[in-house]
Amino acid sequence: MKHDTAPTCQHCGTPVPPQALDARFCCAGCAYVHELLVTEGLGKFYELRGSTALSPVAPEALRARDDEWLQEQVAAAEAAAGPGGTARLDLAVQGLTCVGCVWLMEKVFHSEPGAMHLDVHVARGEAHVEWQAGEWDLPAYARRLQQFGYLVGPAGDQGNSSVQSAGFGRRVGLCGAFAMNAMAFSLPGYLGMRQDFLFASWFDIIAACSATLSVLVGGSYFMERSVNSLRQGILHMDTPIALGIALAWLGSMAGWLAGEAGLKYFDFVGVFVFLMLSGRWLQQGMVERNRRRLLAASAVPGWVRVVGPEGLERRTALQDLAVGDTLLIPSGSICPVGGVLTSTKGSLSLEWINGESAAVDRCAGQAVPSGAVNIGLGSVEMRATETWKESLLCRLNAATGQEGSRAVSSRFLAGYLTVVLALGVIGAGAWWLSGHGVVTALQVMISVFVVSCPCALGVAVPFADDLAASRMARLGVFVRAGSLWARLLKVHKVVFDKTGTLTMENPVLANPAEVTGMTPEARKALRKIVSSNLHPVSRSLFDALGPDAAPGETADATGIEEIAGQGLRWTGLDGRVWALGRPGWVEVEVEVATQPADAWFTCDGVLLAGFRFTDSLRPESVEACEALRDRGCKLYLLSGDREAKVAAVAGQLHIPVTHWQAEMTPEGKAARVEQMNQEDTLYLGDGANDVLALEAALCAGSPVTGRNFLEHRADFYFLGNCLRFMPELLQMAGVRSRAVRRVLAFALAYNAVAVALSLAGWMSPLLAAVLMPLSSLVTLGVVGATFRGRSGVFVRNRTQERREMEQTMRRGVGPLPI
C-alpha cells in the first residue's frame with residue numbers, strides 16, 4: 001500500500017491536511033504561534049525541539065480565559081510572603097513536550113523584573129514559580145504563555161499524581177541498586193570463591209539482604225496488586241510475577257540457611273524484581289504523561305455565584321444550591337442547573353448538551369436548561385428551578401470511564417500457572433523417587449519455578465505499549481488507558497457524534513476571500529469585535545483571522561455593545577462605528593450584493609463584507625471512514641442536532657439511513673450504544689451529552705475541546721482537526737498485538753527449553769541469572785523489529801492523490817488511473 005507523504009506542520013510536526021489554507025501549517029493556531037516566535041526572535045525554540053512532535057495549537061487556546069482563580073491564588077501567595085517577600089505557587093501547565101518548551105517558558109519568565117525562580121517539570125506537566133511579591137504580574141505571565149499555546153491551571157490533583165509517580169521512580173531506583181548489590185556479591189561465588197574465605201559468609205549475607213530489600217520495596221507492589229485482584233475473583237498478570245518472586249526468594253533463603261549453593265537465587269530475585277518494576281514504570285509513565293498533558297477538567301466548577309436579596313454576590317457550592325436561588329452566570333460559563341432567565345435577554349449555546357451548534361436567544365421568563373453556556377459578552381442572571389443533584393449536568397458529571405479488559409486473559413494465566421506448578425511438583429517428585437534426595441528435588445522444583453517467571457512478558461509488553469503510544473502521539477493521539485490496545489482489537493463498530501467530532505466545533509467560513517480582501521484596519525476592527533465573543537459566528541471569524549494578530553495583542557471587549565439576537569457594535573477612538581451581525585440589522589448605504597450572506601460586517605453604514613458559513617467535516621473524514629469500512633467496521637452516527645444537518649453529514653460519509661439518528665437525548669444515545677454494543681463498539685464524542693454513551697461503549701475517544709470534560713473520561717484523546725488517525729489507531733493496535741504474540745511465542749519456547757534443562761537437573765543459579773536478562777533483551781528486540789517492519793502511515797491521503805493525478809492529466813502524461 002502506498003505510504004502517505006503529506007507535509008508536516010512547521011510548528012508542531014503533525015501532518016498538514018490537504019484543505020489547510022496554508023500548506024506550511026496544520027491549523028491557524030500553529031501559524032499564529034510560529035509567526036510570534038519568529039517575530040520576537042525566539043526561533044531557537046525549534047532548534048531545541050528537534051524532531052519532537054508538539055501538540056497542535058487550537059485557536060480556542062488563544063482566546064481570552066477566565067483567570068479569576070489565578071488572581072485569588074496570587075493574592076494568597078503574596079499575602080503569605082509579605083511585602084517584598086518571596087511568593088511561591090505551583091501550577092499545572094498544558095502543552096509541555098520538550099526542552100524547547102522549558103527554554104521558552106524561562107525566556108519569557110526572566111524578561112520581566114521581579115521574577116525570581118522557575119522550575120518546570122515537563123514529564124509532570126507542572127511548574128513551580130517564585131517571584132517578589134508585588135513586583136511581578138503572574139496572571140500577565142500566564143496570558144503571555146497562552147500566546148505560545150501553553151495553558152496554565154491550578155495544580156489540583158496533579159500534585160498527588162506526581163508524588164505517586166515520583167515515589168514509583170524512587171522504588172525502581174532502589175530496586176536497581178539492590179539488584180546490582182545482589183549480583184556483585186553473588187559473582188565471586190560463581191567465579192570459584194571458596195567457602196572458607198574470610199568474607200564469604202558476609203557476601204552471602206549482603207546478597208540475601210539485598211534480595212530481601214528488593215522483595216520488600218519492589219516485590220510488594222506486585223504482591224499487593226495480586227492479592228487485591230484475587231479478592232475480586234480476577235487472575236491478573238501480577239499473580240505469576242508475585243508468585244515467581246515469592247518462590248525464588250523463599251527457595252534462596254532456605255538454600256542459604258541450609259548451606260546449599262544450588263538453591264541460592266538472590267541475584268536472580270534482585271534482577272527480576274528490577275526488570276518487572278521497570279516495565280511497569282514504563283507502562284504507567286506513558287499513561288500518566290498523557291493524562292497530565294491536559295489541565296484538570298474545568299468545565300463544571302464546584303461553586304457558582306449567587307445573588308442575595310440585597311444584590312450582594314456570594315460563592316455557593318453546587319451541592320448547596322436551592323430552588324429559587326438567583327444565579328449569576330458570567331460570559332463563557334455553564335449554567336449548572338436548570339432555571340428561568342431573569343435578565344432581559346441572553347445568548348446561549350446548547351451545543352454541549354444536545355449537539356445543536358447554532359446559538360439560541362432567550363428572553364426573560366424563558367427556560368434555561370442545565371448545561372447551557374452563556375456565549376454573550378456580559379453576565380446573565382437566572383433563577384434556579386432545581387437542585388444540583390436533580391440536574392442533568394450532575395448526572396453527566398458523575399459518570400466515569402472504565403478500564404476494561406487486560407492484555408493477558410485470566411484463562412491463559414490460569415493455564416500457565418497450573419502447568420508450571422504441576423511441572424515443578426512432578427519434576428521434584430520424580431527426582432526424589434529416583435533416590436537423589438530432598439535437596440536435589442527442591443533444586444529442580446525451585447529452578448522450574450524460577451525460569452518460568454514471565455520476565456519477557458513483564459518487560460516486552462510495556463515496551464510495546466510505549467512504542468505504540470509514541471507512534472500515535474506523532475499524529476496527535478494520546479492514550480489514557482493502558483488496556484485500550486487489547487480492547488481496540490475487538491472493535492467492529494465505530495459510533496460518531498456529529499458536532500465537534502465529525503464536524504468542526506465551529507462553523508467554517510465558506511468565503512475566506514472576504515476576510516483576506518479587507519484592509520488591515522478593517523481586519524483589526526473585526527478581530528477586536530470577535531475576540532471576546534463566544535458566538536459560533538465570532539469563533540469562526542476568529543479562526544479565520546488567527547495568524548494576522550499582532551504579536552502581544554490580547555482580547556479586549558471594552559466598548560463593544562451586544563444587541564441580543566442581532567449582533568455586535570463597536571465605536572472606535574476615531575468615532576467610526578463598526579458592526580457585525582445579521583444581514584439587514586444595520587442600514588447600509590450601498591446596494592447589498594446578490595449573493596446571500598449569514599452575517600454582515602459594516603463600518604458607518606458601509607457594507608465591507610458578507611460572510612457565509614457552513615458546517616464542515618473534519619479534514620479527511622471521508623477517507624478515514626472509507627478506510628474503516630475497508631477494515632470491516634460498521635459506521636454509525638448519533639447526534640442531538642437537527643435531522644436535516646445529521647442527514648447531510650451522513651450522506652457525505654455514506655452512512656446508511658438505518659445507521660444514523662438525530663435529535664437524541666444523552667440517555668437515548670447511551671441506550672442505543674448499549675443496544676448495539678457486543679463488546680465491539682468504539683465511541684467518539686466531545687460533549688457532556690456523550691458521557692453516558694461513552695460508558696456504554698467498549699472504548700471511547702474524544703477531541704480536545706478546551707473544556708477538558710470528556711477528555712478526562714475517554715480512553716484516548718486527540719489534538720488537531722484531522723480524523724486521519726482513526727484507521728491508524730486500529731492498525732497500531734494490530735501491530736502491537738502482533739508484537740505481543742511474537743513475544744509470547746518466544747517466551748513459551750524459551751520456557752520450554754529452560755524447564756527442560758531444570759527437569760534434567762542442569763539449571764544452576766548462574767545459568768538462570770544469565771538467561772533471564774538475555775531473554776528479556778531478545779524480546780525487546782522482537783518488539784522493536786515488529787514496529788520497525790511497519791513504518792509510515794497506513795491511511796492514504798486520497799485528496800492529495802487526486803490532486804497529483806489531476807496535475808498529471810493536465811501535463812498530458814497519461815490517463816487517470818482507475
# chains A, B, ... in the order shown; residues from 1 in each chain; ligands from 1
$ residues_around --residues "Gln675 in chain A" --least-positions-apart "6" --cutoff "10 Å" --atoms "only C-alpha atoms" --output "ChimeraX atom specification"
/A:669,696-697
$ select_by_dssp --residues "range 305-487 of chain A" --states "strand (DSSP E)" --output "count of residues only"
37
$ residues_around --residues "Arg738 in chain A" --least-positions-apart "3" --cutoff "12 Å" --atoms "only C-alpha atoms" --output "list of chain:residue names"
A:Val461, A:Ala464, A:Asp465, A:Ala468, A:Trp485, A:Ala486, A:Leu489, A:Gln731, A:Met732, A:Ala733, A:Gly734, A:Val735, A:Arg741, A:Arg742, A:Val743, A:Leu744, A:Ala745, A:Val782, A:Val783, A:Gly784, A:Ala785, A:Thr786, A:Phe787, A:Gly789, A:Arg790
$ residues_around --residues "Phe266 in chain A" --least-positions-apart "2" --cutoff "10 Å" --atoms "only C-alpha atoms" --output "PDB file with N, CA and C atoms, in the first residue's frame"
ATOM      1  N   ALA A 179      19.565  -4.795  43.126  1.00  0.00           N
ATOM      2  CA  ALA A 179      19.918  -5.829  42.150  1.00  0.00           C
ATOM      3  C   ALA A 179      21.420  -5.824  41.871  1.00  0.00           C
ATOM      4  N   ASN A 181      23.761  -4.826  43.894  1.00  0.00           N
ATOM      5  CA  ASN A 181      24.436  -5.383  45.065  1.00  0.00           C
ATOM      6  C   ASN A 181      24.341  -6.900  45.080  1.00  0.00           C
ATOM      7  N   ALA A 182      23.146  -7.418  44.805  1.00  0.00           N
ATOM      8  CA  ALA A 182      22.970  -8.878  44.812  1.00  0.00           C
ATOM      9  C   ALA A 182      23.858  -9.539  43.769  1.00  0.00           C
ATOM     10  N   MET A 183      23.959  -8.943  42.587  1.00  0.00           N
ATOM     11  CA  MET A 183      24.817  -9.519  41.547  1.00  0.00           C
ATOM     12  C   MET A 183      26.288  -9.417  41.925  1.00  0.00           C
ATOM     13  N   PHE A 185      27.741  -9.294  44.843  1.00  0.00           N
ATOM     14  CA  PHE A 185      28.184 -10.166  45.939  1.00  0.00           C
ATOM     15  C   PHE A 185      27.860 -11.636  45.681  1.00  0.00           C
ATOM     16  N   SER A 186      27.152 -11.931  44.582  1.00  0.00           N
ATOM     17  CA  SER A 186      26.958 -13.320  44.176  1.00  0.00           C
ATOM     18  C   SER A 186      28.016 -13.759  43.176  1.00  0.00           C
ATOM     19  N   ASP A 204      27.381 -13.621  51.293  1.00  0.00           N
ATOM     20  CA  ASP A 204      26.049 -14.239  51.245  1.00  0.00           C
ATOM     21  C   ASP A 204      25.031 -13.404  52.014  1.00  0.00           C
ATOM     22  N   ILE A 206      25.091 -10.146  52.557  1.00  0.00           N
ATOM     23  CA  ILE A 206      24.756  -8.928  51.801  1.00  0.00           C
ATOM     24  C   ILE A 206      23.853  -9.247  50.617  1.00  0.00           C
ATOM     25  N   ALA A 207      24.150 -10.351  49.908  1.00  0.00           N
ATOM     26  CA  ALA A 207      23.297 -10.741  48.781  1.00  0.00           C
ATOM     27  C   ALA A 207      21.891 -11.066  49.249  1.00  0.00           C
ATOM     28  N   ALA A 208      21.789 -11.784  50.396  1.00  0.00           N
ATOM     29  CA  ALA A 208      20.464 -12.125  50.928  1.00  0.00           C
ATOM     30  C   ALA A 208      19.709 -10.880  51.368  1.00  0.00           C
ATOM     31  N   CYS A 209      20.389  -9.955  52.021  1.00  0.00           N
ATOM     32  CA  CYS A 209      19.738  -8.719  52.456  1.00  0.00           C
ATOM     33  C   CYS A 209      19.303  -7.875  51.252  1.00  0.00           C
ATOM     34  N   SER A 210      20.145  -7.811  50.225  1.00  0.00           N
ATOM     35  CA  SER A 210      19.797  -7.045  49.028  1.00  0.00           C
ATOM     36  C   SER A 210      18.564  -7.616  48.356  1.00  0.00           C
ATOM     37  N   ALA A 211      18.510  -8.953  48.224  1.00  0.00           N
ATOM     38  CA  ALA A 211      17.336  -9.587  47.622  1.00  0.00           C
ATOM     39  C   ALA A 211      16.091  -9.372  48.468  1.00  0.00           C
ATOM     40  N   THR A 212      16.264  -9.459  49.800  1.00  0.00           N
ATOM     41  CA  THR A 212      15.119  -9.260  50.690  1.00  0.00           C
ATOM     42  C   THR A 212      14.586  -7.835  50.592  1.00  0.00           C
ATOM     43  N   SER A 214      14.887  -5.899  48.057  1.00  0.00           N
ATOM     44  CA  SER A 214      14.277  -5.785  46.731  1.00  0.00           C
ATOM     45  C   SER A 214      12.855  -6.320  46.745  1.00  0.00           C
ATOM     46  N   ALA A 248      11.078 -17.802  44.438  1.00  0.00           N
ATOM     47  CA  ALA A 248      12.525 -17.680  44.264  1.00  0.00           C
ATOM     48  C   ALA A 248      13.187 -17.175  45.537  1.00  0.00           C
ATOM     49  N   TRP A 249      12.557 -16.230  46.210  1.00  0.00           N
ATOM     50  CA  TRP A 249      13.141 -15.708  47.450  1.00  0.00           C
ATOM     51  C   TRP A 249      13.092 -16.741  48.567  1.00  0.00           C
ATOM     52  N   LEU A 250      11.948 -17.428  48.716  1.00  0.00           N
ATOM     53  CA  LEU A 250      11.837 -18.448  49.767  1.00  0.00           C
ATOM     54  C   LEU A 250      12.833 -19.580  49.543  1.00  0.00           C
ATOM     55  N   GLY A 251      12.962 -20.015  48.292  1.00  0.00           N
ATOM     56  CA  GLY A 251      13.922 -21.081  47.997  1.00  0.00           C
ATOM     57  C   GLY A 251      15.354 -20.650  48.256  1.00  0.00           C
ATOM     58  N   SER A 252      15.650 -19.379  47.898  1.00  0.00           N
ATOM     59  CA  SER A 252      17.007 -18.876  48.124  1.00  0.00           C
ATOM     60  C   SER A 252      17.319 -18.768  49.614  1.00  0.00           C
ATOM     61  N   MET A 253      16.363 -18.282  50.395  1.00  0.00           N
ATOM     62  CA  MET A 253      16.586 -18.195  51.834  1.00  0.00           C
ATOM     63  C   MET A 253      16.764 -19.576  52.446  1.00  0.00           C
ATOM     64  N   TRP A 256      20.211 -20.790  51.490  1.00  0.00           N
ATOM     65  CA  TRP A 256      21.251 -20.087  52.238  1.00  0.00           C
ATOM     66  C   TRP A 256      21.358 -20.616  53.669  1.00  0.00           C
ATOM     67  N   LEU A 263      20.628 -23.653  45.641  1.00  0.00           N
ATOM     68  CA  LEU A 263      19.298 -23.082  45.874  1.00  0.00           C
ATOM     69  C   LEU A 263      19.320 -21.564  45.999  1.00  0.00           C
ATOM     70  N   LYS A 264      20.495 -20.972  45.945  1.00  0.00           N
ATOM     71  CA  LYS A 264      20.615 -19.532  46.173  1.00  0.00           C
ATOM     72  C   LYS A 264      20.454 -18.762  44.849  1.00  0.00           C
ATOM     73  N   PHE A 268      19.188 -13.446  41.000  1.00  0.00           N
ATOM     74  CA  PHE A 268      18.038 -13.581  40.116  1.00  0.00           C
ATOM     75  C   PHE A 268      16.851 -12.801  40.666  1.00  0.00           C
ATOM     76  N   VAL A 269      16.608 -12.945  41.983  1.00  0.00           N
ATOM     77  CA  VAL A 269      15.477 -12.252  42.603  1.00  0.00           C
ATOM     78  C   VAL A 269      15.621 -10.743  42.421  1.00  0.00           C
ATOM     79  N   GLY A 270      16.833 -10.215  42.697  1.00  0.00           N
ATOM     80  CA  GLY A 270      17.032  -8.773  42.581  1.00  0.00           C
ATOM     81  C   GLY A 270      16.830  -8.257  41.167  1.00  0.00           C
ATOM     82  N   VAL A 271      17.424  -8.946  40.187  1.00  0.00           N
ATOM     83  CA  VAL A 271      17.304  -8.507  38.798  1.00  0.00           C
ATOM     84  C   VAL A 271      15.869  -8.659  38.295  1.00  0.00           C
ATOM     85  N   PHE A 272      15.213  -9.747  38.677  1.00  0.00           N
ATOM     86  CA  PHE A 272      13.846  -9.994  38.226  1.00  0.00           C
ATOM     87  C   PHE A 272      12.898  -8.904  38.736  1.00  0.00           C
ATOM     88  N   PRO A 765      21.954 -21.550  39.465  1.00  0.00           N
ATOM     89  CA  PRO A 765      21.660 -20.129  39.687  1.00  0.00           C
ATOM     90  C   PRO A 765      22.394 -19.218  38.712  1.00  0.00           C
ATOM     91  N   ALA A 769      20.597 -16.725  36.120  1.00  0.00           N
ATOM     92  CA  ALA A 769      20.869 -15.291  36.180  1.00  0.00           C
ATOM     93  C   ALA A 769      21.302 -14.745  34.831  1.00  0.00           C
TER      94      ALA A 769
END
$ closest_atom_pairs --of "range 436-533 of chain A" --to "range 86-104 of chain A" --cutoff "12 Å" --atoms "only C-alpha atoms" --output "JSON lines"
{"residue": "A:Ala473", "atom": "CA", "partner": "A:Thr97", "partner_atom": "CA", "distance": 10.9}
{"residue": "A:Arg474", "atom": "CA", "partner": "A:Thr97", "partner_atom": "CA", "distance": 11.6}
{"residue": "A:Gly476", "atom": "CA", "partner": "A:Gly95", "partner_atom": "CA", "distance": 11.8}
$ select_by_dssp --residues "range 90-210 of chain A" --states "helix (DSSP H, G or I)" --output "ChimeraX atom specification"
/A:99-109,138-147,158-190,200-210
$ atom_distance --atom1 "CA of Thr8 in chain A" --atom2 "CA of Leu467 in chain A"
20.6 Å
$ residues_around --residues "range 358-370 of chain A" --least-positions-apart "3" --cutoff "8 Å" --atoms "only C-alpha atoms" --output "compact mmCIF listing (two decimals) with all heavy atoms, in the first residue's frame"
# COMPACT_ATOMS: atom_id res chain seq x y z
N CYS A 335 -24.34 27.04 32.85
CA CYS A 335 -25.44 27.04 33.80
C CYS A 335 -25.50 25.67 34.46
O CYS A 335 -25.85 24.68 33.79
CB CYS A 335 -26.76 27.34 33.10
SG CYS A 335 -26.75 28.86 32.12
N PRO A 336 -25.15 25.53 35.73
CA PRO A 336 -25.04 24.19 36.32
C PRO A 336 -26.38 23.51 36.53
O PRO A 336 -26.46 22.27 36.49
CB PRO A 336 -24.33 24.46 37.65
CG PRO A 336 -24.68 25.87 37.98
CD PRO A 336 -24.80 26.60 36.67
N VAL A 337 -27.44 24.29 36.77
CA VAL A 337 -28.76 23.70 37.00
C VAL A 337 -29.77 24.35 36.05
O VAL A 337 -29.51 25.41 35.47
CB VAL A 337 -29.22 23.90 38.46
CG1 VAL A 337 -28.27 23.19 39.42
CG2 VAL A 337 -29.32 25.39 38.80
N GLY A 338 -30.90 23.70 35.89
CA GLY A 338 -31.96 24.29 35.09
C GLY A 338 -32.62 25.45 35.80
O GLY A 338 -32.64 25.51 37.04
N GLY A 339 -33.13 26.41 35.03
CA GLY A 339 -33.75 27.56 35.66
C GLY A 339 -34.52 28.40 34.67
O GLY A 339 -34.78 27.99 33.53
N VAL A 340 -34.86 29.61 35.10
CA VAL A 340 -35.60 30.57 34.29
C VAL A 340 -34.77 31.84 34.19
O VAL A 340 -34.25 32.33 35.21
CB VAL A 340 -36.98 30.87 34.90
CG1 VAL A 340 -37.69 31.97 34.11
CG2 VAL A 340 -37.83 29.62 34.94
N LEU A 341 -34.62 32.38 32.99
CA LEU A 341 -33.83 33.59 32.79
C LEU A 341 -34.54 34.78 33.41
O LEU A 341 -35.72 35.03 33.16
CB LEU A 341 -33.61 33.82 31.29
CG LEU A 341 -32.61 34.92 30.91
CD1 LEU A 341 -31.20 34.49 31.29
CD2 LEU A 341 -32.69 35.20 29.41
N THR A 342 -33.81 35.53 34.25
CA THR A 342 -34.36 36.75 34.85
C THR A 342 -33.78 38.00 34.20
O THR A 342 -34.34 39.08 34.37
CB THR A 342 -34.07 36.78 36.37
OG1 THR A 342 -32.66 36.64 36.59
CG2 THR A 342 -34.80 35.63 37.07
N SER A 343 -32.67 37.89 33.48
CA SER A 343 -32.15 39.01 32.71
C SER A 343 -33.07 39.29 31.53
O SER A 343 -33.88 38.43 31.13
CB SER A 343 -30.74 38.71 32.21
OG SER A 343 -29.83 38.56 33.29
N THR A 344 -32.96 40.47 30.96
CA THR A 344 -33.83 40.84 29.85
C THR A 344 -33.64 39.90 28.67
O THR A 344 -34.61 39.37 28.10
CB THR A 344 -33.55 42.28 29.42
OG1 THR A 344 -33.67 43.15 30.54
CG2 THR A 344 -34.53 42.72 28.33
N LYS A 345 -32.40 39.68 28.28
CA LYS A 345 -32.10 38.80 27.16
C LYS A 345 -30.79 38.07 27.43
O LYS A 345 -29.97 38.51 28.25
CB LYS A 345 -31.99 39.58 25.84
CG LYS A 345 -33.30 40.11 25.30
CD LYS A 345 -33.11 40.78 23.94
CE LYS A 345 -34.43 41.27 23.38
NZ LYS A 345 -34.27 41.91 22.04
N GLY A 346 -30.62 36.98 26.74
CA GLY A 346 -29.38 36.22 26.87
C GLY A 346 -29.13 35.40 25.62
O GLY A 346 -30.07 34.96 24.95
N SER A 347 -27.86 35.20 25.30
CA SER A 347 -27.47 34.37 24.15
C SER A 347 -26.80 33.12 24.69
O SER A 347 -25.79 33.21 25.40
CB SER A 347 -26.52 35.16 23.23
OG SER A 347 -26.20 34.39 22.09
N LEU A 348 -27.35 31.97 24.35
CA LEU A 348 -26.90 30.70 24.92
C LEU A 348 -26.48 29.73 23.83
O LEU A 348 -26.94 29.82 22.69
CB LEU A 348 -28.00 30.06 25.77
CG LEU A 348 -28.62 30.92 26.88
CD1 LEU A 348 -29.78 30.17 27.52
CD2 LEU A 348 -27.59 31.29 27.92
N SER A 349 -25.62 28.80 24.20
CA SER A 349 -25.26 27.68 23.33
C SER A 349 -25.66 26.39 24.02
O SER A 349 -25.29 26.15 25.18
CB SER A 349 -23.75 27.68 23.06
OG SER A 349 -23.36 26.48 22.39
N LEU A 350 -26.43 25.56 23.30
CA LEU A 350 -26.84 24.26 23.83
C LEU A 350 -26.05 23.13 23.21
O LEU A 350 -26.39 21.96 23.35
CB LEU A 350 -28.34 24.05 23.56
CG LEU A 350 -29.28 25.17 24.04
CD1 LEU A 350 -30.73 24.78 23.77
CD2 LEU A 350 -29.08 25.45 25.52
N GLU A 351 -24.98 23.49 22.51
CA GLU A 351 -24.18 22.51 21.78
C GLU A 351 -23.63 21.42 22.70
O GLU A 351 -23.55 20.26 22.34
CB GLU A 351 -23.02 23.22 21.08
CG GLU A 351 -22.03 22.31 20.37
CD GLU A 351 -20.88 23.10 19.80
OE1 GLU A 351 -20.97 24.33 19.71
OE2 GLU A 351 -19.87 22.47 19.45
N MET A 382 -30.24 34.13 36.33
CA MET A 382 -31.32 33.15 36.19
C MET A 382 -31.74 32.67 37.58
O MET A 382 -30.97 32.73 38.53
CB MET A 382 -30.85 31.96 35.34
CG MET A 382 -29.62 31.26 35.87
SD MET A 382 -29.20 29.74 34.98
CE MET A 382 -30.46 28.63 35.60
N SER A 391 -30.14 17.93 38.60
CA SER A 391 -29.82 18.46 37.27
C SER A 391 -29.22 17.40 36.36
O SER A 391 -28.62 16.41 36.81
CB SER A 391 -28.84 19.63 37.39
OG SER A 391 -27.58 19.18 37.83
N LEU A 392 -29.40 17.63 35.06
CA LEU A 392 -28.82 16.76 34.05
C LEU A 392 -27.30 16.79 34.12
O LEU A 392 -26.63 15.75 34.00
CB LEU A 392 -29.29 17.19 32.66
CG LEU A 392 -28.60 16.53 31.46
CD1 LEU A 392 -28.89 15.03 31.43
CD2 LEU A 392 -29.04 17.20 30.17
N LEU A 393 -26.72 17.97 34.32
CA LEU A 393 -25.28 18.10 34.33
C LEU A 393 -24.66 17.32 35.49
O LEU A 393 -23.55 16.78 35.37
CB LEU A 393 -24.89 19.58 34.43
CG LEU A 393 -23.46 19.94 34.02
CD1 LEU A 393 -23.17 19.48 32.61
CD2 LEU A 393 -23.24 21.43 34.16
N HIS A 535 -20.00 33.51 20.38
CA HIS A 535 -20.99 33.11 19.39
C HIS A 535 -20.30 32.32 18.28
O HIS A 535 -19.15 32.59 17.92
CB HIS A 535 -21.67 34.35 18.80
CG HIS A 535 -22.88 34.06 17.98
ND1 HIS A 535 -22.79 33.58 16.69
CD2 HIS A 535 -24.20 34.15 18.26
CE1 HIS A 535 -24.00 33.41 16.20
NE2 HIS A 535 -24.88 33.75 17.14
N PRO A 536 -20.95 31.27 17.72
CA PRO A 536 -20.31 30.46 16.67
C PRO A 536 -19.77 31.29 15.50
O PRO A 536 -18.71 30.98 14.96
CB PRO A 536 -21.44 29.52 16.22
CG PRO A 536 -22.31 29.38 17.42
CD PRO A 536 -22.27 30.72 18.11
N ALA A 564 -28.70 41.67 21.68
CA ALA A 564 -29.08 40.26 21.72
C ALA A 564 -29.93 39.90 20.51
O ALA A 564 -30.90 40.59 20.17
CB ALA A 564 -29.84 39.96 23.01
N GLY A 565 -29.54 38.84 19.86
CA GLY A 565 -30.28 38.35 18.71
C GLY A 565 -29.98 39.06 17.42
O GLY A 565 -30.49 38.67 16.35
$ residues_around --residues "Ala76 in chain A" --least-positions-apart "5" --cutoff "12 Å" --atoms "only C-alpha atoms" --output "mmCIF file with N, CA, C and O atoms, in the first residue's frame"
data_model
loop_
_atom_site.group_PDB
_atom_site.id
_atom_site.type_symbol
_atom_site.label_atom_id
_atom_site.label_comp_id
_atom_site.auth_asym_id
_atom_site.auth_seq_id
_atom_site.Cartn_x
_atom_site.Cartn_y
_atom_site.Cartn_z
ATOM 1 N N TRP A 69 -9.375 32.584 39.227
ATOM 2 C CA TRP A 69 -8.781 31.631 40.159
ATOM 3 C C TRP A 69 -7.306 31.943 40.396
ATOM 4 O O TRP A 69 -6.796 31.829 41.526
ATOM 5 N N LEU A 70 -6.600 32.368 39.323
ATOM 6 C CA LEU A 70 -5.177 32.663 39.444
ATOM 7 C C LEU A 70 -4.951 33.926 40.256
ATOM 8 O O LEU A 70 -4.023 34.000 41.086
ATOM 9 N N GLN A 71 -5.777 34.931 40.057
ATOM 10 C CA GLN A 71 -5.639 36.159 40.831
ATOM 11 C C GLN A 71 -5.843 35.893 42.321
ATOM 12 O O GLN A 71 -5.142 36.459 43.167
ATOM 13 N N ALA A 81 3.630 35.756 51.804
ATOM 14 C CA ALA A 81 5.034 36.164 51.691
ATOM 15 C C ALA A 81 5.298 37.507 52.345
ATOM 16 O O ALA A 81 6.411 37.756 52.833
ATOM 17 N N GLY A 82 4.297 38.367 52.366
ATOM 18 C CA GLY A 82 4.503 39.691 52.926
ATOM 19 C C GLY A 82 5.069 40.640 51.887
ATOM 20 O O GLY A 82 5.605 40.211 50.854
ATOM 21 N N ALA A 87 7.137 35.122 47.034
ATOM 22 C CA ALA A 87 5.882 34.384 46.889
ATOM 23 C C ALA A 87 6.121 33.140 46.054
ATOM 24 O O ALA A 87 6.920 33.154 45.117
ATOM 25 N N ARG A 88 5.416 32.077 46.387
ATOM 26 C CA ARG A 88 5.604 30.789 45.711
ATOM 27 C C ARG A 88 4.255 30.206 45.333
ATOM 28 O O ARG A 88 3.279 30.336 46.071
ATOM 29 N N LEU A 89 4.247 29.532 44.158
ATOM 30 C CA LEU A 89 2.998 28.929 43.687
ATOM 31 C C LEU A 89 3.308 27.781 42.739
ATOM 32 O O LEU A 89 4.212 27.884 41.907
ATOM 33 N N ALA A 133 6.991 39.484 45.799
ATOM 34 C CA ALA A 133 5.599 39.896 45.988
ATOM 35 C C ALA A 133 5.414 41.369 45.646
ATOM 36 O O ALA A 133 6.176 42.235 46.090
ATOM 37 N N GLY A 134 4.403 41.638 44.820
ATOM 38 C CA GLY A 134 4.068 42.995 44.441
ATOM 39 C C GLY A 134 4.901 43.579 43.324
ATOM 40 O O GLY A 134 4.623 44.688 42.875
#
$ atom_distance --atom1 "CA of Glu78 in chain A" --atom2 "CA of Ala140 in chain A"
15.6 Å
$ residues_around --residues "range 716-726 of chain A" --least-positions-apart "4" --cutoff "6 Å" --atoms "only C-alpha atoms" --output "PyMOL selection string"
chain A and resi 56+476-480+618-621+624+701-704+711
$ closest_residue --among "A:Ser379, A:Ser483, A:Thr658, A:Asn290" --to "Arg305 in chain A" --atoms "only C-alpha atoms"
A:Ser379
$ closest_residue --among "A:Val108, A:Gly584, A:Ile375, A:Glu562" --to "Arg539 in chain A" --atoms "only C-alpha atoms"
A:Ile375
$ atom_distance --atom1 "CA of Gln443 in chain A" --atom2 "CA of Cys455 in chain A"
20.1 Å
$ closest_residue --among "A:Gly262, A:Leu628, A:Ala670, A:Phe613" --to "Ala768 in chain A" --atoms "only C-alpha atoms"
A:Gly262
$ decode --residues "range 168-179 of chain A" --atoms "C-alpha atoms" --output "PDB file, in the first residue's frame"
ATOM      1  CA  PHE A 168       7.353   4.768  41.914  1.00  0.00           C
ATOM      2  CA  GLY A 169      10.501   6.085  40.253  1.00  0.00           C
ATOM      3  CA  ARG A 170      12.354   6.050  43.562  1.00  0.00           C
ATOM      4  CA  ARG A 171      11.204   2.486  44.109  1.00  0.00           C
ATOM      5  CA  VAL A 172      12.634   1.474  40.723  1.00  0.00           C
ATOM      6  CA  GLY A 173      15.913   3.213  41.527  1.00  0.00           C
ATOM      7  CA  LEU A 174      16.243   1.455  44.875  1.00  0.00           C
ATOM      8  CA  CYS A 175      15.498  -1.931  43.348  1.00  0.00           C
ATOM      9  CA  GLY A 176      18.139  -1.264  40.698  1.00  0.00           C
ATOM     10  CA  ALA A 177      20.695  -0.606  43.438  1.00  0.00           C
ATOM     11  CA  PHE A 178      19.616  -3.738  45.331  1.00  0.00           C
ATOM     12  CA  ALA A 179      19.918  -5.829  42.150  1.00  0.00           C
TER      13      ALA A 179
END
